[in-house]
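A.B. asks: Please find final25.pdb (PDB, C-alpha atoms) on the next line:
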ATOM      1  CA  MET B  19     -12.778  10.807  -0.118
ATOM      2  CA  ALA B  20     -12.969  10.500  -3.870
ATOM      3  CA  GLY B  21     -10.342   8.251  -5.419
ATOM      4  CA  VAL B  22      -9.397   6.476  -2.162
ATOM      5  CA  LEU B  23      -9.421   2.694  -2.597
ATOM      6  CA  PHE B  24      -8.268   1.710   0.891
ATOM      7  CA  GLU B  25      -7.188   3.434   4.100
ATOM      8  CA  ASP B  26      -6.214   2.096   7.529
ATOM      9  CA  ILE B  27      -3.646   2.309  10.319
ATOM     10  CA  PHE B  28      -1.066  -0.507  10.314
ATOM     11  CA  ASP B  29       1.069  -1.927  13.124
ATOM     12  CA  VAL B  30       4.542  -3.150  12.158
ATOM     13  CA  LYS B  31       4.702  -6.744  13.467
ATOM     14  CA  ASP B  32       7.957  -7.898  11.843
ATOM     15  CA  ILE B  33      10.793  -6.462   9.737
ATOM     16  CA  ASP B  34      12.821  -8.549   7.259
ATOM     17  CA  PRO B  35      11.797 -11.973   8.685
ATOM     18  CA  GLU B  36      13.571 -13.770   5.809
ATOM     19  CA  GLY B  37      16.713 -11.669   6.318
ATOM     20  CA  LYS B  38      17.769  -8.367   4.826
ATOM     21  CA  LYS B  39      18.216  -8.601   1.046
ATOM     22  CA  PHE B  40      19.085  -4.973   0.212
ATOM     23  CA  GLU B  41      20.905  -2.322   2.217
ATOM     24  CA  ARG B  42      18.343   0.446   1.724
ATOM     25  CA  VAL B  43      15.147  -1.634   1.616
ATOM     26  CA  SER B  44      13.262  -3.492   4.332
ATOM     27  CA  ARG B  45      10.223  -5.720   4.061
ATOM     28  CA  LEU B  46       7.574  -4.886   6.642
ATOM     29  CA  HIS B  47       4.955  -7.374   7.832
ATOM     30  CA  CYS B  48       2.004  -5.468   9.267
ATOM     31  CA  GLU B  49      -1.577  -5.862  10.454
ATOM     32  CA  SER B  50      -4.276  -3.225  10.132
ATOM     33  CA  GLU B  51      -6.163  -1.985  13.154
ATOM     34  CA  SER B  52      -9.668  -1.545  11.741
ATOM     35  CA  PHE B  53     -10.068  -4.128   8.973
ATOM     36  CA  LYS B  54      -7.604  -6.823  10.164
ATOM     37  CA  MET B  55      -5.863  -6.840   6.800
ATOM     38  CA  ASP B  56      -2.368  -8.324   6.410
ATOM     39  CA  LEU B  57       0.230  -6.180   4.662
ATOM     40  CA  ILE B  58       3.685  -7.001   3.363
ATOM     41  CA  LEU B  59       5.395  -3.845   2.125
ATOM     42  CA  ASP B  60       8.896  -3.047   0.861
ATOM     43  CA  ILE B  61      10.065   0.467   1.755
ATOM     44  CA  ASN B  62      13.252   2.498   1.425
ATOM     45  CA  VAL B  63      14.330   2.721   5.077
ATOM     46  CA  TRP B  64      16.974   5.352   4.335
ATOM     47  CA  ILE B  65      14.183   7.729   3.321
ATOM     48  CA  TYR B  66      11.540   6.530   5.789
ATOM     49  CA  PRO B  67      12.993   4.585   8.753
ATOM     50  CA  VAL B  68      10.569   2.226  10.508
ATOM     51  CA  ASP B  69      10.974   0.253  13.733
ATOM     52  CA  LEU B  70       9.211  -2.792  15.113
ATOM     53  CA  GLY B  71       5.972  -1.729  16.806
ATOM     54  CA  ASP B  72       5.632   1.517  14.829
ATOM     55  CA  LYS B  73       2.258   2.498  13.419
ATOM     56  CA  PHE B  74       1.613   4.235  10.124
ATOM     57  CA  ARG B  75      -1.367   5.270   8.035
ATOM     58  CA  LEU B  76      -1.599   3.681   4.601
ATOM     59  CA  VAL B  77      -3.794   5.257   1.952
ATOM     60  CA  LEU B  78      -4.117   3.654  -1.469
ATOM     61  CA  ALA B  79      -5.648   6.054  -3.956
ATOM     62  CA  SER B  80      -6.169   6.107  -7.699
ATOM     63  CA  SER B  81      -5.165   9.786  -7.836
ATOM     64  CA  LEU B  82      -3.092  12.277  -5.868
ATOM     65  CA  ARG B  83      -5.686  14.943  -6.612
ATOM     66  CA  GLU B  84      -7.944  15.735  -3.654
ATOM     67  CA  ASP B  85     -10.990  15.896  -5.938
ATOM     68  CA  GLY B  86     -10.397  12.300  -7.094
ATOM     69  CA  PHE B  87     -10.088  13.131 -10.796
ATOM     70  CA  ALA B  88      -7.418  11.245 -12.722
ATOM     71  CA  ASP B  89      -3.872  12.552 -12.585
ATOM     72  CA  SER B  90      -2.125  13.756 -15.707
ATOM     73  CA  SER B  91       0.369  11.267 -17.131
ATOM     74  CA  GLU B  92       3.306  12.814 -15.244
ATOM     75  CA  TRP B  93       3.478  14.269 -11.741
ATOM     76  CA  SER B  94       5.159  17.600 -11.176
ATOM     77  CA  PRO B  95       5.681  19.315  -7.810
ATOM     78  CA  LEU B  96       5.068  22.610  -9.613
ATOM     79  CA  GLU B  97       1.441  21.749 -10.403
ATOM     80  CA  SER B  98      -0.950  24.073  -8.644
ATOM     81  CA  GLY B  99      -3.575  22.843  -6.240
ATOM     82  CA  PRO B 100      -3.578  20.625  -3.187
ATOM     83  CA  SER B 101      -2.322  17.066  -3.383
ATOM     84  CA  ARG B 102      -2.836  14.035  -1.179
ATOM     85  CA  ALA B 103       0.963  13.775  -1.081
ATOM     86  CA  ASP B 104       1.083  16.993   0.976
ATOM     87  CA  SER B 105      -0.202  15.079   4.023
ATOM     88  CA  PHE B 106       2.426  12.328   3.972
ATOM     89  CA  GLU B 107       6.159  11.911   4.563
ATOM     90  CA  TYR B 108       6.516   8.914   2.233
ATOM     91  CA  VAL B 109       4.630   8.482  -1.060
ATOM     92  CA  MET B 110       4.965   5.763  -3.702
ATOM     93  CA  HIS B 111       3.406   5.312  -7.140
ATOM     94  CA  GLY B 112       2.774   1.869  -8.544
ATOM     95  CA  LYS B 113       0.532  -0.534 -10.377
ATOM     96  CA  ILE B 114      -1.647  -3.437  -9.289
ATOM     97  CA  TYR B 115      -0.191  -6.409 -11.146
ATOM     98  CA  ARG B 116      -2.059  -9.348  -9.596
ATOM     99  CA  ILE B 117      -5.235 -10.038  -7.651
ATOM    100  CA  GLU B 118      -5.759 -13.490  -6.164
ATOM    101  CA  GLY B 119      -8.669 -14.891  -4.229
ATOM    102  CA  ASP B 120      -9.418 -17.992  -2.243
ATOM    103  CA  ASP B 121     -13.138 -17.694  -2.853
ATOM    104  CA  ASN B 122     -14.966 -20.125  -0.645
ATOM    105  CA  PRO B 123     -18.728 -19.967  -1.144
ATOM    106  CA  MET B 124     -19.236 -21.313   2.387
ATOM    107  CA  GLU B 125     -17.454 -18.279   3.890
ATOM    108  CA  GLY B 126     -19.201 -15.492   1.979
ATOM    109  CA  ALA B 127     -16.936 -13.097   0.086
ATOM    110  CA  GLY B 128     -13.696 -14.912   0.975
ATOM    111  CA  ARG B 129     -10.233 -13.379   1.096
ATOM    112  CA  LEU B 130      -8.398 -11.480  -1.617
ATOM    113  CA  SER B 131      -4.762 -10.567  -2.086
ATOM    114  CA  ALA B 132      -3.804  -7.518  -4.134
ATOM    115  CA  TYR B 133      -0.201  -7.243  -5.323
ATOM    116  CA  VAL B 134       1.325  -3.881  -6.259
ATOM    117  CA  SER B 135       4.733  -3.033  -7.685
ATOM    118  CA  PHE B 136       6.185   0.369  -6.887
ATOM    119  CA  GLY B 137       9.077   0.302  -9.346
ATOM    120  CA  GLY B 138      10.457  -2.904  -7.820
ATOM    121  CA  LEU B 139       9.351  -2.322  -4.237
ATOM    122  CA  LEU B 140       6.490  -4.736  -3.703
ATOM    123  CA  MET B 141       3.323  -4.804  -1.655
ATOM    124  CA  ARG B 142       0.772  -7.478  -0.840
ATOM    125  CA  LEU B 143      -2.458  -6.450   0.867
ATOM    126  CA  GLN B 144      -4.537  -9.425   1.951
ATOM    127  CA  GLY B 145      -7.874  -9.739   3.699
ATOM    128  CA  ASP B 146     -11.635  -9.672   3.378
ATOM    129  CA  ALA B 147     -12.663  -9.226  -0.262
ATOM    130  CA  ASN B 148     -15.167  -6.528   0.727
ATOM    131  CA  ASN B 149     -12.263  -4.249   1.702
ATOM    132  CA  LEU B 150     -10.609  -4.625  -1.715
ATOM    133  CA  HIS B 151     -13.671  -4.239  -3.939
ATOM    134  CA  GLY B 152     -12.328  -1.189  -5.837
ATOM    135  CA  PHE B 153      -9.043  -2.843  -6.864
ATOM    136  CA  GLU B 154      -8.531  -3.710 -10.539
ATOM    137  CA  MET B 155      -5.695  -5.263 -12.513
ATOM    138  CA  ASP B 156      -3.280  -2.740 -14.082
ATOM    139  CA  GLN B 157      -4.747   0.082 -12.000
ATOM    140  CA  HIS B 158      -2.295   2.788 -10.902
ATOM    141  CA  VAL B 159      -2.160   3.574  -7.195
TER     142      VAL B 159
END
So that I can check it, write out the structure of this file as structure tokens.

C.D. replies:
Amino acid sequence: MAGVLFEDIFDVKDIDPEGKKFERVSRLHCESESFKMDLILDINVWIYPVDLGDKFRLVLASSLREDGFADSSEWSPLESGPSRADSFEYVMHGKIYRIEGDDNPMEGAGRLSAYVSFGGLLMRLQGDANNLHGFEMDQHV
């Protein structure tokens, strides 16, 4: 699929392990099924409730457009045409603000961590660098 940077199914392994900080937000600690990536994700649990052991599909894309072309500067539900958002119950828009690596030449590509802010809700996706090769600083997802 054009514009898709990463996609996998995640298992929720822990919820708010450091304690609940905000009434409407929980921090999920998850592991992906296919790529064995680690995910920490803040979500609004009033909008999208999640329980321990739940599974969900995460798709990180550079555009909501099915054809992969860049979105216009503002999203409008009145725009014509199909959208990736049509297939999901919970959609967030954010920006990659940090990419860190523990490159070890002895271990090949090493591990990378990509950090995304969704208007204050944060995400860290960590794992094999080959799975995060399309991620760039300041990229919208």

A.B. asks: Do you know which residues are at most 12 Å from Gly145 in chain B counting all atoms listed in the file, after dropping those on the same chain fewer than 4 positions away, and could you put them as a ChimeraX atom specification?

C.D. replies: /B:24,49-50,52-58,117-121,127-132,149-151

A.B. asks: Measuring atom to atom with only C-alpha atoms, identify which of B:Val68, B:Val63, B:Ile114, B:Val30 is nearest to Arg142 in chain B.

C.D. replies: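 The closest residue to Arg142 in chain B is B:Ile114.
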
A.B. asks: Between B:Val109, B:Phe136, B:Phe40, B:Glu25, which residue has the minimum interatomic distance to Arg75 in chain B, considering all atoms listed in the file?

C.D. replies: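 For Arg75 in chain B, the nearest of the candidates is B:Glu25.
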
A.B. asks: What would the list of residues within 12 Å of (17.2, -5.9, 9.3) (file frame) look like as a PyMOL selection string, if only C-alpha atoms are what count?

C.D. replies: chain B and resi 32-46+63+67-70

A.B. asks: As a check of understanding, name the residues that the PyMOL selection byres ((chain B and resi 156) around 8) selects in the supplied structure, as a VMD selection string.

C.D. replies: chain B and resid 113 to 115 154 to 155 157 to 158

A.B. asks: Have a look at CA of Trp64 in chain B and CA of His111 in chain B and let me know their distance in Å, one decimal.

C.D. replies: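 It comes out at 17.8 Å.
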
A.B. asks: Taking into account only C-alpha atoms, which residue in the set B:Glu84, B:Lys31, B:Leu139, B:Leu59 is nearest to Asp104 in chain B?

C.D. replies: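 Among the listed residues, the smallest separation from Asp104 in chain B belongs to B:Glu84.
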
A.B. asks: When you draw a straight line from CA of Met141 in chain B to CA of Ala79 in chain B, how long is it in Å?

C.D. replies: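 Pair CA of Met141 in chain B / CA of Ala79 in chain B returns 14.3 Å.
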
A.B. asks: List the neighbours of Phe74 in chain B out to 8 Å using only C-alpha atoms; skip same-chain residues closer than 2 positions along the sequence, and give me the result as a list in words.

C.D. replies: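 That gives Ile27, Phe28, Asp29, Asp72 and Leu76 of chain B.
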
A.B. asks: Take the residues from that selection and write them out as a PDB file, keeping the file's coordinate frame, keeping C-alpha atoms.

C.D. replies:
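Contents of again.pdb, freshly written:
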ATOM      1  CA  ILE B  27      -3.646   2.309  10.319  1.00  0.00           C
ATOM      2  CA  PHE B  28      -1.066  -0.507  10.314  1.00  0.00           C
ATOM      3  CA  ASP B  29       1.069  -1.927  13.124  1.00  0.00           C
ATOM      4  CA  ASP B  72       5.632   1.517  14.829  1.00  0.00           C
ATOM      5  CA  LEU B  76      -1.599   3.681   4.601  1.00  0.00           C
TER       6      LEU B  76
END

A.B. asks: Quick one: pull the distance between CA of Asp60 in chain B and CA of Ala103 in chain B, Å, one decimal.

C.D. replies: 18.7 Å

A.B. asks: Which residues, protein or nucleic acid, reach to within 8 Å of (-3.6, 10.7, -5.3) in the file's coordinates when using all atoms listed in the file, and can you give that as an mmCIF file with C-alpha atoms, in the coordinates of the input?

C.D. replies:
data_model
loop_
_atom_site.group_PDB
_atom_site.id
_atom_site.type_symbol
_atom_site.label_atom_id
_atom_site.label_comp_id
_atom_site.auth_asym_id
_atom_site.auth_seq_id
_atom_site.Cartn_x
_atom_site.Cartn_y
_atom_site.Cartn_z
ATOM 1 C CA GLY B 21 -10.342 8.251 -5.419
ATOM 2 C CA VAL B 22 -9.397 6.476 -2.162
ATOM 3 C CA ALA B 79 -5.648 6.054 -3.956
ATOM 4 C CA SER B 80 -6.169 6.107 -7.699
ATOM 5 C CA SER B 81 -5.165 9.786 -7.836
ATOM 6 C CA LEU B 82 -3.092 12.277 -5.868
ATOM 7 C CA ARG B 83 -5.686 14.943 -6.612
ATOM 8 C CA GLU B 84 -7.944 15.735 -3.654
ATOM 9 C CA GLY B 86 -10.397 12.300 -7.094
ATOM 10 C CA ASP B 89 -3.872 12.552 -12.585
ATOM 11 C CA SER B 101 -2.322 17.066 -3.383
ATOM 12 C CA ARG B 102 -2.836 14.035 -1.179
ATOM 13 C CA ALA B 103 0.963 13.775 -1.081
ATOM 14 C CA VAL B 159 -2.160 3.574 -7.195
#

A.B. asks: Where's the centre, and what are the edge lengths in Å to one decimal, of a box along x, y and z enclosing all listed atoms of range 33-43 of chain B padded 3 Å per side, as lines of an AutoDock Vina configuration file?

C.D. replies:
center_x = 15.8
center_y = -6.7
center_z = 5.0
size_x = 16.1
size_y = 20.2
size_z = 15.5

A.B. asks: Check the smallest atom-to-atom distance from each of B:Tyr133, B:Ile61, B:Asp146, B:Lys73 to Met110 in chain B using all atoms listed in the file, then report the winner.

C.D. replies: B:Ile61

A.B. asks: Rank B:Leu143, B:Phe153, B:Ser105, B:Ile65 by their smallest atom-to-atom distance to Asp26 in chain B, using only C-alpha atoms, and report the top residue only.

C.D. replies: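 Nearest to Asp26 in chain B: B:Leu143.
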
A.B. asks: Of the candidates B:Leu140, B:Leu78, B:His47, B:Gly71, which one gets nearest to Gly152 in chain B if we count all atoms listed in the file?

C.D. replies: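 Checking each candidate against Gly152 in chain B, we get B:Leu78 as the closest.
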